[in-house]
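Only one structure is covered here, and it is reproduced in the block below.
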Amino acid sequence: MKPAPFAYHAPRSVAEAVAVLTEVGHDGKVLAGGQSLIPILNMRLARPGHLVDVNRVAGLDTIDVGGEAVRVGALVRHAGLERSDEAYAALPLLRQALVHVAHPAIRNRGTTVGSVAHADPAGELPAVLALTEGVIEAVGPRGPREIPAAGFFRGPLETALAPDELVTAVRFGRLPAGTGTAFLESSRRRGDYAVAGVAAAVTVRDGVIVAARASFVSVTDAPAVLDVGPVVGRVPPVAADWTAAAEAVRAFVAPEGDIHASADYRRMLVGELSRRAFGEAADRATAAAQAARAMA
Ligand code: FAD
């Protein structure tokens, strides 16, 4: 099928884009990489009267690595972020997650910000943004505003963004020294959306675990972060009971069944993935701490 008719707008600046979005209100949709929006339009699951194509807007295609965050502009493609060695060095979890997003052709066109704005519970990057306590930068007719990830995701494909607002960038928070991360997921075929997935971060200080948290893919309505620190306790990584942490994950998630997997299967799967991801993250945290000691 082809999309229902729409008016096409190609603004050259953020101000122009916001002006169009303000004028058309709920009848408008931002078009970024189009990898989620175009299939939705083709299937006529949405029929916006106006498409605001932001691909020609200047200044939105940069990745900035700062001390506190990795800032990703609205036109940075998944593939660009995946290839950025600077972003990887600052926050390895980004590349660990991005390799699971669809296929390379889709990552070449789809944007990381579009994935956040789309808020699909099966998306990898919303989970990473939540785990890193990231921030969404948006601009609307009332000016710019920053929305913490915790208040942005409201449900499947639902966010705190108003129809007249454009996301200009997202900031993934950098994690404390001594943190190791891992991203694991399982899908029916490589590149498919995950049946279940997990992003895990474990922080080790002075030889003991001081933080262990995770967020999930395809098993919660919106990205949600679970702190398993109290379950694991302040123990050396080798003594950590990741099986108990996995039990806490199973109790926390709220998966739904569909044609790909039952709710029970997803719950079982995300628990096992979490057990492994926490273990991997803890190993990386230990290795990072050893490397830092060797350099000192
Ligand atoms: P678009 O499709 O252009 O837009 C998506 C939505 O976000 C629209 O509602 C749009 O209005 C809104 N939007 C986009 N940018 C902005 C902005 N700057 N401000 C405000 N609103 C905005 N994704 C995954 O995470 N994991 C997967 O495994 C995965 N598999 C896929 C497999 C296939 C076959 C396909 C076609 C897509 C898959 N995707 C997957 C989706 C892909 O990652 C998309 O790139 C991403 O979800 C949306 O980015 P986009 O730039 O294409 O956004």
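Labels used: A, B, ... for chains in the order of the structure tokens, numbers from 1 for residues in each chain, and numbers from 1 for ligands as shown.
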Requested in this report: Give the residues close to ligand 1, within 7 Å, counting only C-alpha atoms and all ligand atoms; write them as JSON, numbers by chain.
Outcome: {"A": [29, 30, 31, 32, 33, 34, 35, 36, 37, 38, 39, 74, 100, 101, 102, 103, 106, 107, 109, 110, 111, 112, 113, 114, 115, 117, 118, 122, 123, 124, 125, 165, 166, 167, 168, 191, 192, 193, 194]}
Saved selection, atoms kept: C-alpha atoms, as a CSV table (one decimal), in the first residue's frame:
```
chain,number,residue,atom,x,y,z
A,29,LYS,CA,4.5,14.3,11.8
A,30,VAL,CA,8.3,14.8,11.8
A,31,LEU,CA,10.1,12.7,9.2
A,32,ALA,CA,13.7,11.7,10.2
A,33,GLY,CA,15.1,8.4,8.8
A,34,GLY,CA,11.6,7.2,8.0
A,35,GLN,CA,12.5,3.6,9.0
A,36,SER,CA,9.5,3.5,11.4
A,37,LEU,CA,7.3,6.2,10.1
A,38,ILE,CA,7.1,5.2,6.4
A,39,PRO,CA,6.0,1.6,7.1
A,74,ALA,CA,18.6,14.5,15.8
A,100,HIS,CA,21.3,-5.2,17.7
A,101,VAL,CA,19.2,-2.5,16.0
A,102,ALA,CA,17.8,-4.0,12.8
A,103,HIS,CA,20.1,-4.5,9.8
A,106,ILE,CA,18.3,0.4,8.3
A,107,ARG,CA,21.0,1.6,10.7
A,109,ARG,CA,19.2,5.7,7.5
A,110,GLY,CA,17.4,5.4,10.9
A,111,THR,CA,18.3,8.0,13.5
A,112,THR,CA,19.0,7.3,17.1
A,113,VAL,CA,16.9,10.3,18.1
A,114,GLY,CA,14.0,9.0,15.9
A,115,SER,CA,14.2,5.7,17.8
A,117,ALA,CA,11.0,9.8,19.8
A,118,HIS,CA,9.2,6.7,18.4
A,122,ALA,CA,11.1,-3.1,21.5
A,123,GLY,CA,13.7,-0.4,20.7
A,124,GLU,CA,17.2,-0.7,22.2
A,125,LEU,CA,18.1,2.9,22.5
A,165,GLU,CA,7.9,20.1,19.5
A,166,LEU,CA,11.0,18.8,17.7
A,167,VAL,CA,13.7,16.7,19.5
A,168,THR,CA,17.0,18.3,18.6
A,191,GLY,CA,18.2,-8.1,13.0
A,192,ASP,CA,14.6,-8.7,14.0
A,193,TYR,CA,13.1,-6.9,16.9
A,194,ALA,CA,14.1,-8.6,20.2
```
Query raised in the report: Counting only C-alpha atoms, what is within 9 Å of A:Val198, bar same-chain residues fewer than 5 positions away, as a PyMOL selection string?
Result: chain A and resi 124+127+182-185+214-217+270+273-274+277
DSSP-assigned alpha helix (DSSP H) among stretch 33-226 of chain A, expressed as an mmCIF file with N, CA and C atoms, in the first residue's frame:
```cif
data_model
loop_
_atom_site.group_PDB
_atom_site.id
_atom_site.type_symbol
_atom_site.label_atom_id
_atom_site.label_comp_id
_atom_site.auth_asym_id
_atom_site.auth_seq_id
_atom_site.Cartn_x
_atom_site.Cartn_y
_atom_site.Cartn_z
ATOM 1 N N LEU A 37 8.453 5.435 10.544
ATOM 2 C CA LEU A 37 7.275 6.213 10.116
ATOM 3 C C LEU A 37 6.744 5.768 8.750
ATOM 4 N N ILE A 38 7.631 5.548 7.789
ATOM 5 C CA ILE A 38 7.145 5.237 6.428
ATOM 6 C C ILE A 38 6.361 3.916 6.390
ATOM 7 N N PRO A 39 6.854 2.848 7.044
ATOM 8 C CA PRO A 39 6.006 1.635 7.070
ATOM 9 C C PRO A 39 4.636 1.892 7.701
ATOM 10 N N ILE A 40 4.611 2.713 8.748
ATOM 11 C CA ILE A 40 3.330 3.020 9.414
ATOM 12 C C ILE A 40 2.400 3.762 8.447
ATOM 13 N N LEU A 41 2.971 4.684 7.676
ATOM 14 C CA LEU A 41 2.158 5.431 6.704
ATOM 15 C C LEU A 41 1.702 4.507 5.572
ATOM 16 N N ASN A 42 2.645 3.664 5.114
ATOM 17 C CA ASN A 42 2.292 2.760 4.008
ATOM 18 C C ASN A 42 1.167 1.805 4.394
ATOM 19 N N HIS A 78 21.944 5.795 13.223
ATOM 20 C CA HIS A 78 22.416 4.741 14.138
ATOM 21 C C HIS A 78 23.841 4.326 13.751
ATOM 22 N N ALA A 79 24.083 4.178 12.436
ATOM 23 C CA ALA A 79 25.390 3.671 11.973
ATOM 24 C C ALA A 79 26.511 4.642 12.323
ATOM 25 N N GLY A 80 26.216 5.942 12.260
ATOM 26 C CA GLY A 80 27.235 6.947 12.587
ATOM 27 C C GLY A 80 27.621 6.859 14.058
ATOM 28 N N LEU A 81 26.632 6.667 14.908
ATOM 29 C CA LEU A 81 26.916 6.571 16.346
ATOM 30 C C LEU A 81 27.637 5.256 16.653
ATOM 31 N N GLU A 82 27.203 4.203 15.973
ATOM 32 C CA GLU A 82 27.824 2.882 16.177
ATOM 33 C C GLU A 82 29.311 2.940 15.813
ATOM 34 N N ARG A 83 29.639 3.695 14.753
ATOM 35 C CA ARG A 83 31.041 3.739 14.291
ATOM 36 C C ARG A 83 31.904 4.719 15.077
ATOM 37 N N ASP A 85 34.229 5.983 17.480
ATOM 38 C CA ASP A 85 35.124 5.416 18.500
ATOM 39 C C ASP A 85 35.128 6.270 19.764
ATOM 40 N N GLU A 86 34.932 7.573 19.571
ATOM 41 C CA GLU A 86 34.923 8.469 20.737
ATOM 42 C C GLU A 86 33.703 8.174 21.623
ATOM 43 N N ALA A 87 32.548 7.985 20.957
ATOM 44 C CA ALA A 87 31.331 7.670 21.726
ATOM 45 C C ALA A 87 31.481 6.309 22.405
ATOM 46 N N TYR A 88 32.105 5.358 21.699
ATOM 47 C CA TYR A 88 32.297 4.015 22.271
ATOM 48 C C TYR A 88 33.204 4.068 23.504
ATOM 49 N N ALA A 89 34.270 4.875 23.387
ATOM 50 C CA ALA A 89 35.207 4.964 24.517
ATOM 51 C C ALA A 89 34.517 5.578 25.731
ATOM 52 N N ALA A 90 33.629 6.532 25.484
ATOM 53 C CA ALA A 90 32.965 7.220 26.589
ATOM 54 C C ALA A 90 31.837 6.381 27.183
ATOM 55 N N PRO A 92 30.586 2.579 26.220
ATOM 56 C CA PRO A 92 30.586 1.365 25.377
ATOM 57 C C PRO A 92 29.189 0.789 25.167
ATOM 58 N N LEU A 93 28.287 1.041 26.120
ATOM 59 C CA LEU A 93 26.932 0.498 26.028
ATOM 60 C C LEU A 93 26.229 0.931 24.734
ATOM 61 N N LEU A 94 26.606 2.099 24.202
ATOM 62 C CA LEU A 94 25.953 2.555 22.971
ATOM 63 C C LEU A 94 26.202 1.562 21.834
ATOM 64 N N ARG A 95 27.470 1.254 21.583
ATOM 65 C CA ARG A 95 27.755 0.307 20.486
ATOM 66 C C ARG A 95 27.264 -1.100 20.824
ATOM 67 N N GLN A 96 27.392 -1.469 22.114
ATOM 68 C CA GLN A 96 26.904 -2.796 22.533
ATOM 69 C C GLN A 96 25.424 -2.959 22.190
ATOM 70 N N ALA A 97 24.660 -1.855 22.278
ATOM 71 C CA ALA A 97 23.221 -1.917 21.969
ATOM 72 C C ALA A 97 22.957 -1.723 20.476
ATOM 73 N N LEU A 98 23.672 -0.798 19.860
ATOM 74 C CA LEU A 98 23.364 -0.430 18.464
ATOM 75 C C LEU A 98 23.534 -1.592 17.489
ATOM 76 N N PRO A 104 22.145 -3.475 8.950
ATOM 77 C CA PRO A 104 22.973 -2.307 8.618
ATOM 78 C C PRO A 104 22.267 -1.303 7.707
ATOM 79 N N ALA A 105 21.495 -1.753 6.724
ATOM 80 C CA ALA A 105 20.850 -0.808 5.808
ATOM 81 C C ALA A 105 19.898 0.118 6.568
ATOM 82 N N ILE A 106 19.212 -0.443 7.550
ATOM 83 C CA ILE A 106 18.266 0.374 8.340
ATOM 84 C C ILE A 106 19.032 1.300 9.274
ATOM 85 N N ARG A 107 20.160 0.793 9.813
ATOM 86 C CA ARG A 107 20.973 1.647 10.700
ATOM 87 C C ARG A 107 21.631 2.780 9.915
ATOM 88 N N ASN A 108 21.840 2.593 8.613
ATOM 89 C CA ASN A 108 22.429 3.664 7.800
ATOM 90 C C ASN A 108 21.485 4.842 7.643
ATOM 91 N N ARG A 109 20.217 4.607 7.757
ATOM 92 C CA ARG A 109 19.228 5.658 7.504
ATOM 93 C C ARG A 109 18.512 6.087 8.797
ATOM 94 N N THR A 112 19.131 7.727 15.735
ATOM 95 C CA THR A 112 19.042 7.333 17.141
ATOM 96 C C THR A 112 17.969 8.168 17.847
ATOM 97 N N VAL A 113 17.911 9.456 17.510
ATOM 98 C CA VAL A 113 16.887 10.318 18.131
ATOM 99 C C VAL A 113 15.489 9.881 17.684
ATOM 100 N N GLY A 114 15.351 9.493 16.413
ATOM 101 C CA GLY A 114 14.047 9.019 15.922
ATOM 102 C C GLY A 114 13.594 7.803 16.708
ATOM 103 N N SER A 115 14.532 6.940 17.034
ATOM 104 C CA SER A 115 14.219 5.744 17.804
ATOM 105 C C SER A 115 13.714 6.127 19.197
ATOM 106 N N VAL A 116 14.321 7.145 19.790
ATOM 107 C CA VAL A 116 13.881 7.617 21.115
ATOM 108 C C VAL A 116 12.500 8.262 21.000
ATOM 109 N N ALA A 117 12.313 9.111 19.979
ATOM 110 C CA ALA A 117 11.025 9.813 19.809
ATOM 111 C C ALA A 117 9.902 8.817 19.509
ATOM 112 N N HIS A 118 10.244 7.739 18.816
ATOM 113 C CA HIS A 118 9.243 6.733 18.438
ATOM 114 C C HIS A 118 8.778 5.924 19.663
ATOM 115 N N GLU A 124 16.026 -0.594 21.268
ATOM 116 C CA GLU A 124 17.189 -0.739 22.160
ATOM 117 C C GLU A 124 17.589 0.604 22.783
ATOM 118 N N LEU A 125 17.532 1.682 21.974
ATOM 119 C CA LEU A 125 18.089 2.946 22.454
ATOM 120 C C LEU A 125 17.277 3.615 23.560
ATOM 121 N N PRO A 126 15.939 3.501 23.545
ATOM 122 C CA PRO A 126 15.204 4.027 24.702
ATOM 123 C C PRO A 126 15.643 3.360 26.008
ATOM 124 N N ALA A 127 15.922 2.059 25.957
ATOM 125 C CA ALA A 127 16.370 1.353 27.176
ATOM 126 C C ALA A 127 17.726 1.890 27.636
ATOM 127 N N VAL A 128 18.609 2.149 26.668
ATOM 128 C CA VAL A 128 19.937 2.672 27.021
ATOM 129 C C VAL A 128 19.815 4.095 27.593
ATOM 130 N N LEU A 129 18.944 4.902 26.974
ATOM 131 C CA LEU A 129 18.758 6.276 27.465
ATOM 132 C C LEU A 129 18.241 6.253 28.909
ATOM 133 N N ALA A 130 17.292 5.352 29.180
ATOM 134 C CA ALA A 130 16.743 5.264 30.540
ATOM 135 C C ALA A 130 17.818 4.825 31.531
ATOM 136 N N LEU A 131 18.591 3.797 31.158
ATOM 137 C CA LEU A 131 19.597 3.269 32.087
ATOM 138 C C LEU A 131 20.671 4.305 32.405
ATOM 139 N N ALA A 149 14.833 11.359 30.805
ATOM 140 C CA ALA A 149 14.287 10.125 30.217
ATOM 141 C C ALA A 149 13.200 9.534 31.116
ATOM 142 N N ALA A 150 13.385 9.641 32.442
ATOM 143 C CA ALA A 150 12.427 9.037 33.377
ATOM 144 C C ALA A 150 11.019 9.623 33.206
ATOM 145 N N GLY A 151 10.924 10.874 32.733
ATOM 146 C CA GLY A 151 9.608 11.482 32.559
ATOM 147 C C GLY A 151 9.168 11.547 31.105
ATOM 148 N N PHE A 152 9.984 11.027 30.217
ATOM 149 C CA PHE A 152 9.695 11.172 28.775
ATOM 150 C C PHE A 152 8.839 10.027 28.244
#
```
**Report entry** Which of stretch 83-139 of chain A DSSP labels strand (DSSP E or B), written as a PyMOL selection string
**Finding:** chain A and resi 111+135-139
Resulting file, chosen residues, N, CA and C atoms, as a PDB file, in the first residue's frame:
```pdb
ATOM      1  N   THR A 111      17.589   7.144  12.532  1.00  0.00           N
ATOM      2  CA  THR A 111      18.320   7.990  13.484  1.00  0.00           C
ATOM      3  C   THR A 111      18.113   7.479  14.915  1.00  0.00           C
ATOM      4  N   VAL A 135      18.823  12.552  28.842  1.00  0.00           N
ATOM      5  CA  VAL A 135      17.971  13.743  28.753  1.00  0.00           C
ATOM      6  C   VAL A 135      17.603  13.965  27.286  1.00  0.00           C
ATOM      7  N   ILE A 136      16.361  14.370  27.060  1.00  0.00           N
ATOM      8  CA  ILE A 136      15.885  14.688  25.712  1.00  0.00           C
ATOM      9  C   ILE A 136      15.851  16.210  25.578  1.00  0.00           C
ATOM     10  N   GLU A 137      16.472  16.734  24.519  1.00  0.00           N
ATOM     11  CA  GLU A 137      16.435  18.181  24.268  1.00  0.00           C
ATOM     12  C   GLU A 137      15.389  18.434  23.191  1.00  0.00           C
ATOM     13  N   ALA A 138      14.394  19.260  23.504  1.00  0.00           N
ATOM     14  CA  ALA A 138      13.325  19.536  22.535  1.00  0.00           C
ATOM     15  C   ALA A 138      13.154  21.041  22.373  1.00  0.00           C
ATOM     16  N   VAL A 139      12.664  21.419  21.188  1.00  0.00           N
ATOM     17  CA  VAL A 139      12.364  22.832  20.929  1.00  0.00           C
ATOM     18  C   VAL A 139      10.945  22.911  20.392  1.00  0.00           C
TER      19      VAL A 139
END
```
Give me, as a Markdown table, each residue of stretch 185-208 of chain A that comes within 8 Å of stretch 233-256 of chain A, together with its shortest interatomic pair and the distance in Å at one decimal, counting only C-alpha atoms, with rows ordered by chain and rising residue number.
```
| residue | atom | partner | partner_atom | distance |
| --- | --- | --- | --- | --- |
| A:Val204 | CA | A:Pro237 | CA | 7.7 |
| A:Gly207 | CA | A:Pro236 | CA | 5.7 |
| A:Val208 | CA | A:Pro236 | CA | 4.2 |
```
Using C-alpha atoms, can you export the residues from the last selection as a tab-separated table (two decimals), in the first residue's frame?
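Output (result39.tsv):
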```tsv
chain	number	residue	atom	x	y	z
A	204	VAL	CA	32.77	-1.99	41.18
A	207	GLY	CA	36.79	-4.65	44.91
A	208	VAL	CA	33.07	-4.71	45.74
```
Query - Residues near A:Ala292, cut-off 12 Å, only C-alpha atoms, skip fewer than 2 positions along chain, as a PyMOL selection string - result: chain A and resi 177-179+205-206+285-290+294-296
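Distances from A:Asp53, A:Glu133, A:Glu23, A:Glu68 to A:Pro223 were compared using only C-alpha atoms, and the smallest one belongs to A:Glu133.
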Report summary line: Residue with the minimum atom-to-atom distance to A:Val76, picked from A:Val170, A:Ala281, A:Ala17, A:Val52 with only C-alpha atoms counted, is A:Val170
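Take the candidates A:Ala19, A:Ala169, A:Ala7, A:Leu157 and check each one against A:Gly143 using only C-alpha atoms; the shortest distance goes to A:Ala19.
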